[in-house]
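Peer 1: Let me begin by handing over the structure; questions about it come next.
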Amino acid sequence: METLPHPTKTLWEAFSAISRMMHQKGNFTDGRTHARKAQQIAVILGYQFGQAEGFRQEAICCIGLGLFDDAAKLCRQVGDLMFMMGLQGSNADIRAQLIEAEIHLLKTEYPAACSIYTQIVCSTPPGYQRALAILNIAIIDIAMGAPAASVHTNLDAAKPVLITFNPSLCDGVDAALMLREGDVAVARMILERVSLKSPNCEETIFFLERLANLDYGMYDCTTTLTWAAVYLGSALRSKDKLSTMKALKCFGQIAVAEGETSTAMSLFQVALDGFTFMDVHQWKADCMMRMSKIHLASGEILRAKELFEAAQPLFDRCMVRPPAYVDDIASKLAGLHVQMKMPTETPIFELENGQLTDPVARELS
């Protein structure tokens with residue numbers, strides 16, 4: 001353990017402030033280091049609340065580094081300390097719960113995320129934290145295919161509070177629902193407006209993720225490519241590893257549409273490696289399915305089948321319906337399986353000099 005200066009509450013506050021500053025600058029590694037120093041000082045001082053805050057700050061930095069499992073473990077440690085201090089349900093406890101729920105949401109573990117957000121809604125008085133939890137339930141409902149009326153109910157409940165803090169985000173979630181329901185033109189108009197208006201980097205990335213996705217049919221390949229470049233630039237600027245991988249996946253989708261399958265495979269593979277490292281189920285499955293489709297078109301049946309079968313349980317884990325193109329892959333693989341099981345045609349034999357002979361074999365000899 002690194003030797004620290006004489007531990008004081010002031011020194012804890014200094015390391016905590018440096019950690020927050022490093023996080024805001026996108027320097028997540030140094031932010032994590034200083035959060036750990038704050039934790040060490042808090043332990044020496046017997047300052048449990050300060051230790052919990054150090055865990056929470058380290059968790060936020062771990063999210064930036066794509067270390068979602070480490071971040072979730074830290075959130076659970078915060079919860080344990082809150083229980084020991086009798087601070088369950090406090091603002092500090094709710095902040096940690098929101099972070100843990102966000103981790104599940106980022107990993108596309110929608111049921112787990114929804115469970116935590118619902119618990120927050122049930123146990124928290126009206127205010128920003130409760131409204132944010134309700135809005136995130138709406139985002140999860142969109143992903144899981146809940147009825148539009150249910151999504152609207154949650155949006156209407158969250159908007160009166162969030163409109164003061166996050167007006168653009170509320171509009172962006174509205175647009176995400178419109179995209180799912182097929183109202184592409186209006187959704188595009190809203191997303192273009194809020195992406196230029198919002199000062200919040202995380203919100204902007206949420207909007208760009210949709211504008212850069214060719215599957216939504218908002219633009220042609222050329223315009224979508226421009227949005228994908230903006231999306232990637234924003235992700236790199238904020239050092240957001242998950243969004244960087246999503247942006248590369250968007251480029252891969254455009255490459256497929258342009259017939260550049262080799263480029264697409266390279267982009268999907270890089271994105272798949274990133275999603276695998278971060279253990280992000282839905283987007284890992286999506287890359288696998290898109291690669292399966294390319295392999296199938298190239299006649300590489302076994303590899304296509306392998307990727308297809310590996311991806312299916314991941315969609316099930318997220319409890320989301322796979323994209324429409326997955327049904328086409330399944331149908332083609334099933335057709336090929338039937339063909340492979342069909343018996344080969346029985347050779348026709350002829351009687352020649354009292355012996356049965358195969359005319360095809362005779363022709364080849």
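By convention here, the chains of the structure tokens are called A, B, ... in the order presented, each chain's residues are numbered starting at 1, and ligands are numbered starting at 1 in the order presented.
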Would you pick out the contacts of Val78 in chain A at 8 Å or less, using only C-alpha atoms, so that residues sharing its chain but fewer than 2 positions from it are not included, and give the list as a PyMOL selection string?

Peer 2: chain A and resi 52-53+55-56+74-76+80-82+93+96

Peer 1: Using only C-alpha atoms, determine which residues lie at most 8 Å from Ile41 in chain A, disregarding the query and same-chain residues fewer than 3 positions distant; provide the list as a compact mmCIF listing (two decimals) with N, CA, C and O atoms, in the first residue's frame.

Peer 2:
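Written file, selection35.txt:
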```
# COMPACT_ATOMS: atom_id res chain seq x y z
N PRO A 7 -2.96 11.30 7.74
CA PRO A 7 -4.37 11.30 7.35
C PRO A 7 -5.22 12.28 8.16
O PRO A 7 -5.17 12.28 9.39
N THR A 8 -5.95 13.09 7.45
CA THR A 8 -6.90 14.02 8.06
C THR A 8 -8.16 14.07 7.21
O THR A 8 -8.15 13.64 6.05
N LEU A 11 -7.49 15.97 4.09
CA LEU A 11 -6.79 15.21 3.05
C LEU A 11 -7.77 14.29 2.32
O LEU A 11 -7.69 14.14 1.10
N TRP A 12 -8.70 13.69 3.07
CA TRP A 12 -9.74 12.87 2.42
C TRP A 12 -10.53 13.70 1.43
O TRP A 12 -10.80 13.27 0.30
N LYS A 37 -7.19 6.24 -2.67
CA LYS A 37 -6.45 6.94 -1.61
C LYS A 37 -7.41 7.54 -0.60
O LYS A 37 -7.16 7.50 0.62
N ALA A 38 -8.52 8.07 -1.08
CA ALA A 38 -9.53 8.61 -0.17
C ALA A 38 -10.09 7.50 0.72
O ALA A 38 -10.33 7.71 1.93
N ILE A 44 -8.40 4.61 7.91
CA ILE A 44 -7.51 4.98 9.02
C ILE A 44 -8.25 5.87 10.03
O ILE A 44 -8.09 5.72 11.25
N LEU A 45 -9.08 6.77 9.50
CA LEU A 45 -9.81 7.69 10.36
C LEU A 45 -11.05 7.06 10.99
O LEU A 45 -11.68 7.66 11.87
```

Peer 1: State, in Å with one decimal place, the distance from CA of Asp141 in chain A to CA of Leu179 in chain A.

Peer 2: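 CA of Leu179 in chain A lies at a distance of 13.5 Å from CA of Asp141 in chain A.
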
Peer 1: So what do you get for CA of Leu225 in chain A versus CA of Ile63 in chain A, distance-wise?

Peer 2: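 So the answer is 27.4 Å.
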
Peer 1: Hey, what does DSSP flag as alpha helix (DSSP H) within range 87-303 of chain A? Can you give it to me as a PyMOL selection string?

Peer 2: chain A and resi 91-106+110-123+128-144+148-165+167-181+184-197+201-211+221-237+241-257+261-278+281-297+301-303

Peer 1: Write out as a list in words the set of residues from range 195-360 of chain A that DSSP, computed on the backbone, places in strand (DSSP E or B).

Peer 2: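 Listing strand (DSSP E or B) positions across range 195-360 of chain A yields Glu350, Leu351, Glu352, Gln355, Leu356 and Thr357 of chain A.
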
Peer 1: Determine, using only C-alpha atoms, which residues of range 116-226 of chain A have any atom at most 12 Å from an atom of range 320-332 of chain A, and tabulate each with its shortest atom pair and distance in Å to one decimal place, rows ordered by chain and then rising number, as JSON lines.

Peer 2:
```
{"residue": "A:Ile140", "atom": "CA", "partner": "A:Val320", "partner_atom": "CA", "distance": 9.9}
{"residue": "A:Asp141", "atom": "CA", "partner": "A:Val320", "partner_atom": "CA", "distance": 9.9}
{"residue": "A:Ile142", "atom": "CA", "partner": "A:Val320", "partner_atom": "CA", "distance": 9.8}
{"residue": "A:Ala143", "atom": "CA", "partner": "A:Val320", "partner_atom": "CA", "distance": 6.8}
{"residue": "A:Met144", "atom": "CA", "partner": "A:Val320", "partner_atom": "CA", "distance": 4.9}
{"residue": "A:Gly145", "atom": "CA", "partner": "A:Val320", "partner_atom": "CA", "distance": 7.1}
{"residue": "A:Ala146", "atom": "CA", "partner": "A:Val320", "partner_atom": "CA", "distance": 10.0}
{"residue": "A:Arg180", "atom": "CA", "partner": "A:Pro323", "partner_atom": "CA", "distance": 11.6}
{"residue": "A:Asp215", "atom": "CA", "partner": "A:Pro323", "partner_atom": "CA", "distance": 9.6}
{"residue": "A:Tyr216", "atom": "CA", "partner": "A:Pro323", "partner_atom": "CA", "distance": 11.5}
```

Peer 1: Closest to Met289 in chain A among A:Ile163, A:Met178, A:Leu333, A:Leu307, using only C-alpha atoms?

Peer 2: A:Leu307

Peer 1: I'd like to know which of A:Ala311, A:Leu98, A:Leu169, A:Met218 is closest to Gln119 in chain A, using only C-alpha atoms.

Peer 2: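 So, comparing all the options, the nearest one is A:Leu98.
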
Peer 1: Can you work out the spacing between CA of Leu214 in chain A and CA of Ala148 in chain A in Å, to one decimal?

Peer 2: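 CA of Leu214 in chain A sits 22.6 Å away from CA of Ala148 in chain A.
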
Peer 1: Can you pull out every residue within 6 Å of Ala71 in chain A, counting only C-alpha atoms, but drop anything in the same chain fewer than 2 positions away, and send it as number ranges by chain?

Peer 2: A: 59, 62, 68-69, 73-74

Peer 1: Residues within 9 Å of Leu106 in chain A, please, as a list in words. Count only C-alpha atoms; anything in the same chain fewer than 3 positions from it doesn't count.

Peer 2: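 The filter keeps Phe68, Ala101, Glu102, Ile103, Glu109, Tyr110, Leu242 and Val280 of chain A.
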
Peer 1: Would you save the residues from that selection as a CSV table (one decimal), in the first residue's frame, using C-alpha atoms?

Peer 2:
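The result, stored in part.csv:
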```csv
chain,number,residue,atom,x,y,z
A,68,PHE,CA,-18.7,-3.0,-15.0
A,101,ALA,CA,-28.9,0.0,-11.7
A,102,GLU,CA,-27.1,2.0,-14.4
A,103,ILE,CA,-24.4,-0.7,-14.6
A,109,GLU,CA,-29.4,-6.7,-18.0
A,110,TYR,CA,-32.8,-5.1,-18.3
A,242,LEU,CA,-19.0,1.3,-24.5
A,280,VAL,CA,-22.6,-6.4,-22.6
```

Peer 1: Can you pull out every residue within 12 Å of Thr222 in chain A, counting only C-alpha atoms, but drop anything in the same chain fewer than 3 positions away, and send it as a count of residues only?

Peer 2: 14
